[in-house]
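Engineer: One structure coming up, written as structure tokens, with questions to follow.
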There are 2 protein chains.
Amino acid sequence: MAEIKATRGSDRITIKDVATDAGVSVAAVSKVLRDAYGVSDGLRSKVRASMDKLNYRPLASARGMRGQTYTLGLILPDIRNPFFSDILAGINTALERTPYRLMLGISQSTTHIEEGLVDSMIDSQMDGLILIGTAEDQGRLEATAAIKPMVAIGHFAPQSGGYDTVNNDDQLSAQLVVRHLVGNGYRHIAMLSLASHTSTIIEERELGYRREMIEQDLGSFINVLRAGQTPREIQAATRKLLQGPVIPEALFCWTDFIALEVISVATEMGLRIPEDLAIVGHDNTRHCDFAQNSLTSVDQSGELLGLKSARLLIERIKGRTKSEHFVVEPRIVVRQSSGG
Amino acid sequence: MAEIKATRGSDRITIKDVATDAGVSVAAVSKVLRDAYGVSDGLRSKVRASMDKLNYRPLASARGMRGQTYTLGLILPDIRNPFFSDILAGINTALERTPYRLMLGISQSTTHIEEGLVDSMIDSQMDGLILIGTAEDQGRLEATAAIKPMVAIGHFAPQSGGYDTVNNDDQLSAQLVVRHLVGNGYRHIAMLSLASHTSTIIEERELGYRREMIEQDLGSFINVLRAGQTPREIQAATRKLLQGPVIPEALFCWTDFIALEVISVATEMGLRIPEDLAIVGHDNTRHCDFAQNSLTSVDQSGELLGLKSARLLIERIKGRTKSEHFVVEPRIVVRQSSGG
DNA sequence: CTGAAAGCGCTTACAG
DNA sequence: CTGAAAGCGCTTACAG
């Protein structure tokens, strides 16, 4: 157990204590701390020994005033989506052997909250920012990126010069789904998408769907519905669709949770899955595997997205300025909900 | 859109700029910033006007070196459990009209990671800590609480003097479940609990189960299994139980996700729910409502737990030292999985 | 009620 | 390679 002192900081071990103990200057200790250039091995090991002996830990606030805090900020739209925990796991893996740690903020898919979090993280001197599925506009993103290293996950901005992006190939996701369903004999394939004005990846996925439907000579069956994020909105949209007049044979849903809601509504309406309605989700979250769901879904390797974004961010913090745009390839995981 | 300057902080608006603009001292600005005692209305409004005009935002690092950062740290064991997002929503609600903001850390249910996060948050000068389902031992908890205001959610420690606790009445949860199942005619009721040496709330819930079984004259049917957290471990434990020799009539699961896994395994084994096996979960997370699950569960109002804990923490930061132990009452939400 | 000055724990030129 | 000193943006006694 670490020794923890009784009073609020009056006797916190500082760089000065370490310097005294090691018989060197505070500047020397600071250099060792930052792995900076120009310290002899002898001095370094003396200082390291004193740090260990005194159980020294640098105070992030003090570091933040002059240099780095070694803390990265991550902003998630929604803690509920289990896909984001895959991303988080990937980020944590990338950070394991580095001095960086992670702070999280939840924007609840609200632009105004997200902006507040970004500002907070700048005020808290985070060394860099990772934004997942950002709701901010391009102007603000570029402005933030101008003062802080930044990576966006799930946001297409291939032309952005100021920050990196890490994405799934969302057009390909939709194409894979349409091809799979067509292969299983479905022709009337609809898409249940998200009502949102901010997401560029929704656009990509809808584009992929439309393109592949046309490619398959099914252009006349193209049907994109959009619903909000709440269960109530999803249920209403689903009921309306399944009450006709024209009921699709298959439905490609924006994300697994929506697909599970559709399974629920369809089941309640007495429809059999996949005989009366095939259903495909997206993200391949762990609920897909349950026998009661057995949901076909597209896997986009959140872990890889997270890993890559953390690495890119650290590169940027260390000085890279040319932006990179990384794309991972999705794969479809077939289960019973789409005809097996 | 907020004005964001081009260079890294060289021209950040500081308290000094505000002081110059308002024609007062930096000390005066600091006092206005902290709503401290002893500033005239005239000075206050002059300073406020300058802050707005210059779009001043205090630098958390600098504040942290001498006073508060107005940032609270929250540690979650697992981002995957949707119940935790209810808690988070409650905390956010409580923080809405305050100057406090929230930083999150994910411990992945690992003691060693959790300890690192707590240390990090102390280094980052968080004003207070909220720990959910902590895995740390009592000694370390008391030591942390001695230097930092702290509230634990989901950790029974009624004797703890150094920090507050906020809990569901977990004994009552289990009692409600047993009573409900007995009322529906089940007698052989087993409990699928979690293999963990750290959680005090698991103990409480098991205790409630045992007590109520005895109360109902079903002591001879008491059967507590424990499994790990991974799908694989849960599946293995469930299969083993359902292959006999003695198959229970009903199973009370530690948390909804485990119950959903049990539904999956039981379905695959050809068992009907609830005719062959009744299933009850805990936390009443949103998957319970899906028709394909229709899972009876215990609701413990995560939102209230979160709200209360944030309020208690702020009270502590403001000076309260006597510890409080708040308990919310659970209620059972009946669905088809337990016989309706 | 208001302000000048010291200091929090680091990092960063700069000099040796 | 090593160290003395200034400074980051705040808060806190303290004096007026």
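Within each chain, counting starts at residue 1; across the structure tokens, chains are named A, B, ... in the order shown, with ligands numbered 1 upward in that order.
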Superimpose chain A on chain B so that the squared distances between all in-order C-alpha pairs are minimised, and send the result as a compact mmCIF listing (two decimals) with C-alpha atoms, in the first residue's frame.
Structural biologist:
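Contents of out17.txt, as written:
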```txt
# COMPACT_ATOMS: atom_id res chain seq x y z
CA MET A 1 -17.91 29.69 -31.67
CA ALA A 2 -15.37 30.49 -28.99
CA GLU A 3 -12.32 32.34 -30.10
CA ILE A 4 -9.39 30.02 -29.96
CA LYS A 5 -5.92 31.41 -30.29
CA ALA A 6 -3.32 30.03 -32.64
CA THR A 7 -0.38 29.47 -30.33
CA ARG A 8 -0.25 27.07 -27.47
CA GLY A 9 -1.04 29.34 -24.58
CA SER A 10 1.28 32.28 -24.99
CA ASP A 11 -1.75 34.46 -25.46
CA ARG A 12 -4.22 32.74 -23.25
CA ILE A 13 -6.39 35.21 -21.37
CA THR A 14 -5.30 35.17 -17.74
CA ILE A 15 -6.56 36.62 -14.52
CA LYS A 16 -4.05 39.43 -15.08
CA ASP A 17 -5.64 40.45 -18.37
CA VAL A 18 -9.02 40.53 -16.69
CA ALA A 19 -7.63 42.62 -13.84
CA THR A 20 -6.10 45.12 -16.24
CA ASP A 21 -9.25 45.34 -18.30
CA ALA A 22 -11.43 45.86 -15.23
CA GLY A 23 -8.96 48.21 -13.61
CA VAL A 24 -8.65 46.16 -10.42
CA SER A 25 -6.07 43.87 -8.80
CA VAL A 26 -5.59 40.21 -9.63
CA ALA A 27 -6.56 39.37 -6.07
CA ALA A 28 -9.93 40.98 -6.65
CA VAL A 29 -10.47 38.94 -9.79
CA SER A 30 -9.53 35.78 -7.97
CA LYS A 31 -12.09 36.54 -5.28
CA VAL A 32 -14.85 37.07 -7.81
CA LEU A 33 -13.81 33.85 -9.50
CA ARG A 34 -14.18 31.90 -6.28
CA ASP A 35 -17.28 33.73 -5.10
CA ALA A 36 -15.24 34.56 -2.04
CA TYR A 37 -16.35 36.69 0.83
CA GLY A 38 -15.70 40.42 0.79
CA VAL A 39 -16.18 41.93 -2.65
CA SER A 40 -18.49 44.83 -3.38
CA ASP A 41 -21.26 44.41 -5.91
CA GLY A 42 -19.74 47.12 -8.05
CA LEU A 43 -16.36 45.45 -8.25
CA ARG A 44 -17.95 42.08 -8.84
CA SER A 45 -19.98 43.24 -11.81
CA LYS A 46 -17.05 45.13 -13.31
CA VAL A 47 -14.94 41.98 -13.13
CA ARG A 48 -17.72 39.74 -14.45
CA ALA A 49 -18.14 42.06 -17.41
CA SER A 50 -14.45 41.92 -18.24
CA MET A 51 -14.43 38.14 -17.92
CA ASP A 52 -17.29 37.86 -20.38
CA LYS A 53 -15.81 40.41 -22.73
CA LEU A 54 -12.42 38.71 -22.84
CA ASN A 55 -13.96 35.24 -22.76
CA TYR A 56 -11.81 34.35 -19.79
CA ARG A 57 -11.57 30.75 -18.63
CA PRO A 58 -9.55 29.78 -15.56
CA LEU A 59 -6.71 27.35 -16.08
CA ALA A 60 -7.41 24.29 -13.96
CA SER A 61 -3.72 23.48 -13.47
CA ALA A 62 -2.97 26.87 -11.98
CA ARG A 63 -5.95 26.72 -9.66
CA GLY A 64 -4.94 23.24 -8.63
CA MET A 65 -1.58 24.41 -7.40
CA ARG A 66 -3.04 26.53 -4.66
CA GLY A 67 -6.72 25.81 -4.29
CA GLN A 68 -9.43 23.74 -5.91
CA THR A 69 -9.63 22.50 -9.48
CA TYR A 70 -13.42 22.17 -9.41
CA THR A 71 -13.00 18.79 -11.00
CA LEU A 72 -14.31 15.58 -9.48
CA GLY A 73 -12.96 12.15 -10.27
CA LEU A 74 -15.28 9.20 -10.90
CA ILE A 75 -14.00 5.64 -11.11
CA LEU A 76 -16.15 2.98 -12.76
CA PRO A 77 -15.27 -0.71 -12.78
CA ASP A 78 -16.65 -1.38 -16.24
CA ILE A 79 -17.96 0.87 -18.94
CA ARG A 80 -20.01 -2.00 -20.40
CA ASN A 81 -22.59 -2.23 -17.67
CA PRO A 82 -25.43 0.08 -18.73
CA PHE A 83 -26.43 0.48 -15.10
CA PHE A 84 -23.39 2.69 -14.61
CA SER A 85 -24.63 5.14 -17.19
CA ASP A 86 -27.72 5.69 -15.05
CA ILE A 87 -25.44 6.57 -12.17
CA LEU A 88 -23.48 8.87 -14.45
CA ALA A 89 -26.65 10.59 -15.59
CA GLY A 90 -27.57 11.24 -11.95
CA ILE A 91 -24.16 12.69 -11.20
CA ASN A 92 -24.35 14.95 -14.24
CA THR A 93 -27.74 16.19 -13.12
CA ALA A 94 -26.41 17.04 -9.67
CA LEU A 95 -23.46 18.90 -11.18
CA GLU A 96 -25.49 20.92 -13.66
CA ARG A 97 -25.81 24.17 -11.73
CA THR A 98 -22.45 23.93 -9.99
CA PRO A 99 -18.94 24.91 -11.09
CA TYR A 100 -17.81 21.29 -10.81
CA ARG A 101 -16.99 19.06 -13.72
CA LEU A 102 -16.35 15.37 -13.93
CA MET A 103 -13.42 13.24 -15.04
CA LEU A 104 -13.84 9.53 -15.54
CA GLY A 105 -11.51 6.60 -15.09
CA ILE A 106 -12.27 2.96 -15.94
CA SER A 107 -10.70 0.36 -13.68
CA GLN A 108 -11.80 -2.67 -15.68
CA SER A 109 -12.65 -4.33 -12.35
CA THR A 110 -8.95 -4.62 -11.62
CA THR A 111 -7.62 -3.57 -8.22
CA HIS A 112 -4.24 -2.63 -9.59
CA ILE A 113 -5.67 -0.39 -12.32
CA GLU A 114 -8.07 1.19 -9.84
CA GLU A 115 -5.25 2.06 -7.48
CA GLY A 116 -3.34 3.66 -10.33
CA LEU A 117 -6.39 5.73 -11.26
CA VAL A 118 -6.93 6.90 -7.72
CA ASP A 119 -3.28 7.96 -7.49
CA SER A 120 -3.56 9.73 -10.85
CA MET A 121 -6.61 11.61 -9.71
CA ILE A 122 -4.86 12.70 -6.55
CA ASP A 123 -1.89 13.85 -8.65
CA SER A 124 -4.29 15.71 -10.93
CA GLN A 125 -5.65 17.57 -7.91
CA MET A 126 -9.22 16.41 -8.24
CA ASP A 127 -11.26 18.05 -5.50
CA GLY A 128 -13.00 14.82 -4.61
CA LEU A 129 -13.49 11.21 -5.66
CA ILE A 130 -16.49 8.98 -6.31
CA LEU A 131 -15.69 5.28 -6.43
CA ILE A 132 -18.22 2.85 -7.87
CA GLY A 133 -17.98 -0.79 -6.78
CA THR A 134 -14.46 -0.32 -5.53
CA ALA A 135 -12.04 -3.23 -5.48
CA GLU A 136 -9.67 -1.63 -2.98
CA ASP A 137 -9.29 -2.78 0.58
CA GLN A 138 -10.57 -0.90 3.57
CA GLY A 139 -7.11 0.28 4.60
CA ARG A 140 -6.38 1.97 1.31
CA LEU A 141 -9.85 3.45 1.12
CA GLU A 142 -9.49 5.06 4.53
CA ALA A 143 -6.02 6.31 3.62
CA THR A 144 -7.28 7.92 0.42
CA ALA A 145 -10.28 9.38 2.21
CA ALA A 146 -7.92 10.93 4.76
CA ILE A 147 -6.43 13.20 2.08
CA LYS A 148 -9.32 13.58 -0.35
CA PRO A 149 -13.08 13.95 0.03
CA MET A 150 -14.57 10.65 -1.08
CA VAL A 151 -17.87 8.85 -1.64
CA ALA A 152 -18.21 5.14 -2.41
CA ILE A 153 -21.18 3.81 -4.37
CA GLY A 154 -21.95 0.11 -4.10
CA HIS A 155 -19.68 -0.58 -1.18
CA PHE A 156 -21.03 -1.34 2.27
CA ALA A 157 -18.90 0.18 4.99
CA PRO A 158 -21.33 1.51 7.58
CA GLN A 159 -18.53 1.84 10.09
CA SER A 160 -16.29 3.91 7.83
CA GLY A 161 -15.66 7.28 9.40
CA GLY A 162 -13.62 8.84 6.64
CA TYR A 163 -15.96 8.71 3.68
CA ASP A 164 -19.62 8.53 2.71
CA THR A 165 -21.36 5.58 1.13
CA VAL A 166 -24.37 5.41 -1.15
CA ASN A 167 -25.99 2.04 -1.64
CA ASN A 168 -28.94 0.11 -2.80
CA ASP A 169 -30.46 -2.08 -0.08
CA ASP A 170 -29.01 -5.25 -1.55
CA GLN A 171 -30.34 -7.56 1.12
CA LEU A 172 -33.82 -6.29 0.37
CA SER A 173 -33.24 -6.77 -3.38
CA ALA A 174 -32.66 -10.47 -2.88
CA GLN A 175 -35.57 -10.76 -0.47
CA LEU A 176 -37.94 -9.16 -2.97
CA VAL A 177 -36.84 -11.61 -5.63
CA VAL A 178 -37.26 -14.67 -3.46
CA ARG A 179 -40.69 -13.50 -2.25
CA HIS A 180 -41.83 -12.80 -5.79
CA LEU A 181 -40.70 -16.21 -7.03
CA VAL A 182 -42.23 -18.01 -4.07
CA GLY A 183 -45.45 -16.12 -4.74
CA ASN A 184 -45.40 -17.51 -8.27
CA GLY A 185 -45.04 -21.05 -6.95
CA TYR A 186 -41.30 -21.61 -7.30
CA ARG A 187 -39.50 -23.35 -4.46
CA HIS A 188 -36.19 -24.54 -5.77
CA ILE A 189 -34.62 -21.12 -6.26
CA ALA A 190 -30.88 -20.89 -6.93
CA MET A 191 -28.66 -17.83 -7.09
CA LEU A 192 -25.98 -17.21 -9.71
CA SER A 193 -23.57 -14.81 -8.08
CA LEU A 194 -20.22 -13.29 -8.97
CA ALA A 195 -16.86 -14.78 -8.07
CA SER A 196 -15.16 -11.84 -6.44
CA HIS A 197 -13.32 -11.39 -3.21
CA THR A 198 -13.68 -7.67 -3.04
CA SER A 199 -17.34 -6.76 -3.29
CA THR A 200 -19.24 -6.14 -0.09
CA ILE A 201 -22.50 -5.79 -2.00
CA ILE A 202 -22.26 -9.33 -3.31
CA GLU A 203 -22.10 -10.51 0.27
CA GLU A 204 -25.15 -8.43 1.13
CA ARG A 205 -27.17 -9.78 -1.73
CA GLU A 206 -26.23 -13.38 -0.99
CA LEU A 207 -27.10 -12.81 2.64
CA GLY A 208 -30.53 -11.48 1.70
CA TYR A 209 -31.12 -14.52 -0.49
CA ARG A 210 -30.14 -16.98 2.22
CA ARG A 211 -32.17 -15.21 4.89
CA GLU A 212 -35.31 -15.03 2.83
CA MET A 213 -35.02 -18.66 1.71
CA ILE A 214 -34.82 -19.69 5.36
CA GLU A 215 -37.67 -17.31 6.19
CA GLN A 216 -39.76 -19.06 3.54
CA ASP A 217 -38.87 -22.50 4.91
CA LEU A 218 -36.84 -23.23 1.78
CA GLY A 219 -33.47 -23.46 3.52
CA SER A 220 -32.81 -26.89 2.06
CA PHE A 221 -32.99 -25.45 -1.47
CA ILE A 222 -30.35 -22.81 -0.89
CA ASN A 223 -27.82 -22.99 -3.70
CA VAL A 224 -25.37 -20.21 -4.48
CA LEU A 225 -23.17 -20.58 -7.55
CA ARG A 226 -20.42 -18.17 -8.42
CA ALA A 227 -19.04 -17.45 -11.87
CA GLY A 228 -16.54 -15.00 -13.35
CA GLN A 229 -17.55 -12.02 -15.46
CA THR A 230 -16.73 -13.25 -18.96
CA PRO A 231 -19.41 -14.74 -21.23
CA ARG A 232 -17.41 -17.96 -21.39
CA GLU A 233 -17.36 -18.39 -17.61
CA ILE A 234 -21.04 -17.55 -17.27
CA GLN A 235 -21.96 -20.00 -20.01
CA ALA A 236 -19.92 -22.79 -18.45
CA ALA A 237 -21.43 -22.27 -15.02
CA THR A 238 -24.93 -22.13 -16.45
CA ARG A 239 -24.52 -25.28 -18.54
CA LYS A 240 -23.15 -27.16 -15.60
CA LEU A 241 -26.08 -26.12 -13.45
CA LEU A 242 -28.74 -26.88 -16.06
CA GLN A 243 -27.33 -30.31 -16.87
CA GLY A 244 -28.33 -31.44 -13.41
CA PRO A 245 -28.42 -33.69 -11.52
CA VAL A 246 -30.71 -31.26 -9.72
CA ILE A 247 -32.04 -28.44 -11.91
CA PRO A 248 -33.47 -25.45 -10.07
CA GLU A 249 -36.91 -24.13 -10.97
CA ALA A 250 -35.76 -20.54 -10.80
CA LEU A 251 -32.48 -18.65 -10.99
CA PHE A 252 -31.71 -15.25 -9.51
CA CYS A 253 -28.78 -13.72 -11.38
CA TRP A 254 -26.28 -11.20 -10.07
CA THR A 255 -26.85 -8.73 -12.89
CA ASP A 256 -28.95 -8.43 -16.04
CA PHE A 257 -26.16 -9.28 -18.42
CA ILE A 258 -25.66 -12.61 -16.66
CA ALA A 259 -29.39 -13.27 -16.77
CA LEU A 260 -29.44 -12.60 -20.53
CA GLU A 261 -26.60 -15.05 -20.96
CA VAL A 262 -28.57 -17.61 -18.96
CA ILE A 263 -31.62 -17.07 -21.17
CA SER A 264 -29.37 -17.70 -24.15
CA VAL A 265 -27.89 -20.93 -22.81
CA ALA A 266 -31.24 -22.22 -21.55
CA THR A 267 -32.86 -21.48 -24.91
CA GLU A 268 -30.10 -23.33 -26.72
CA MET A 269 -30.59 -26.30 -24.39
CA GLY A 270 -34.27 -26.39 -25.33
CA LEU A 271 -35.61 -25.16 -22.02
CA ARG A 272 -38.68 -22.94 -22.01
CA ILE A 273 -38.69 -19.75 -19.95
CA PRO A 274 -40.35 -19.49 -17.48
CA GLU A 275 -42.04 -22.92 -17.69
CA ASP A 276 -38.83 -24.93 -17.29
CA LEU A 277 -36.75 -22.21 -15.68
CA ALA A 278 -37.70 -18.83 -14.28
CA ILE A 279 -35.02 -16.15 -14.48
CA VAL A 280 -34.61 -12.88 -12.63
CA GLY A 281 -31.91 -10.29 -13.16
CA HIS A 282 -30.77 -7.20 -11.33
CA ASP A 283 -30.49 -3.49 -12.25
CA ASN A 284 -33.43 -3.30 -14.67
CA THR A 285 -31.21 -2.17 -17.54
CA ARG A 286 -32.79 -1.34 -20.84
CA HIS A 287 -32.32 -4.75 -22.43
CA CYS A 288 -34.84 -6.23 -19.97
CA ASP A 289 -37.67 -4.62 -21.87
CA PHE A 290 -37.00 -6.30 -25.22
CA ALA A 291 -39.68 -8.86 -26.05
CA GLN A 292 -37.06 -11.51 -26.77
CA ASN A 293 -35.75 -11.12 -23.21
CA SER A 294 -38.73 -9.90 -21.18
CA LEU A 295 -36.58 -10.17 -18.11
CA THR A 296 -37.88 -9.61 -14.60
CA SER A 297 -35.34 -7.49 -12.77
CA VAL A 298 -34.72 -5.38 -9.68
CA ASP A 299 -34.53 -1.65 -10.21
CA GLN A 300 -32.13 0.16 -7.90
CA SER A 301 -32.39 3.68 -9.36
CA GLY A 302 -28.87 4.33 -10.50
CA GLU A 303 -29.86 7.89 -11.20
CA LEU A 304 -30.72 8.52 -7.57
CA LEU A 305 -27.54 6.82 -6.40
CA GLY A 306 -25.52 9.09 -8.68
CA LEU A 307 -27.36 12.25 -7.75
CA LYS A 308 -27.03 11.62 -4.04
CA SER A 309 -23.36 10.74 -4.20
CA ALA A 310 -22.46 13.93 -6.08
CA ARG A 311 -24.34 16.00 -3.54
CA LEU A 312 -22.66 14.28 -0.61
CA LEU A 313 -19.26 14.74 -2.21
CA ILE A 314 -19.75 18.46 -2.68
CA GLU A 315 -20.89 18.78 0.92
CA ARG A 316 -17.70 17.05 2.00
CA ILE A 317 -15.55 19.29 -0.18
CA LYS A 318 -17.22 22.25 1.46
CA GLY A 319 -16.24 21.01 4.88
CA ARG A 320 -18.55 18.35 6.29
CA THR A 321 -16.51 15.71 8.12
CA LYS A 322 -19.13 13.49 9.73
CA SER A 323 -19.78 10.60 7.38
CA GLU A 324 -23.18 9.77 5.90
CA HIS A 325 -24.48 6.46 4.66
CA PHE A 326 -27.37 6.69 2.25
CA VAL A 327 -29.44 3.72 1.16
CA VAL A 328 -32.06 3.60 -1.60
CA GLU A 329 -34.90 1.11 -1.65
CA PRO A 330 -35.06 -1.30 -4.60
CA ARG A 331 -38.26 -2.40 -6.35
CA ILE A 332 -38.90 -5.42 -8.48
CA VAL A 333 -40.09 -5.00 -12.08
CA VAL A 334 -41.97 -8.09 -13.14
CA ARG A 335 -41.88 -9.37 -16.72
CA GLN A 336 -42.46 -12.74 -18.37
CA SER A 337 -39.19 -14.44 -17.46
CA SER A 338 -40.39 -15.13 -13.93
CA GLY A 339 -43.87 -16.32 -14.74
CA GLY A 340 -45.41 -12.88 -15.28
```
Engineer: At a cut-off of 8 Å, which residues of chain C touch chain B? Count only C-alpha atoms (C1' of nucleotides) and give the answer as a list in words.
Structural biologist: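 Taking only C-alpha atoms (C1' of nucleotides) into account, DC1, DT2, DG3, DC8 and DG9 of chain C sit within 8 Å of chain B.
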Engineer: Got a sec to tell me which of stretch 49-168 of chain A DSSP assigns to strand (DSSP E), as a PyMOL selection string?
Structural biologist: chain A and resi 71-76+101-106+128-132+150-153+164-168
Engineer: Mind listing the helix (DSSP H, G or I) residues of stretch 55-202 of chain B, per DSSP on the backbone, as a ChimeraX atom specification?
Structural biologist: /B:60-66,83-95,111-123,138-147,170-183,200-202
Engineer: Report as a ChimeraX atom specification all protein, DNA and RNA residues lying within 12 Å of D:DA13, evaluated on only C-alpha atoms (C1' of nucleotides), omitting residues in the same chain fewer than 2 positions from it.
Structural biologist: /B:27 /C:4-7 /D:11,15
Engineer: Write a file of the selected residues as a PDB file, in the first residue's frame, keeping C-alpha atoms (C1' of nucleotides).
Structural biologist:
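The new file selection37.pdb reads:
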```
ATOM      1  CA  ALA B  27      -6.381  39.344  -6.074  1.00  0.00           C
TER       2      ALA B  27
ATOM      3  C1'  DA C   4       1.030  44.027  -3.267  1.00  0.00           C
ATOM      4  C1'  DA C   5       3.685  40.132  -2.686  1.00  0.00           C
ATOM      5  C1'  DA C   6       4.921  35.459  -1.736  1.00  0.00           C
ATOM      6  C1'  DG C   7       4.425  30.966  -3.074  1.00  0.00           C
TER       7       DG C   7
ATOM      8  C1'  DT D  11      -4.631  31.635  -4.346  1.00  0.00           C
ATOM      9  C1'  DA D  15      -1.316  45.010   5.311  1.00  0.00           C
TER      10       DA D  15
END
```
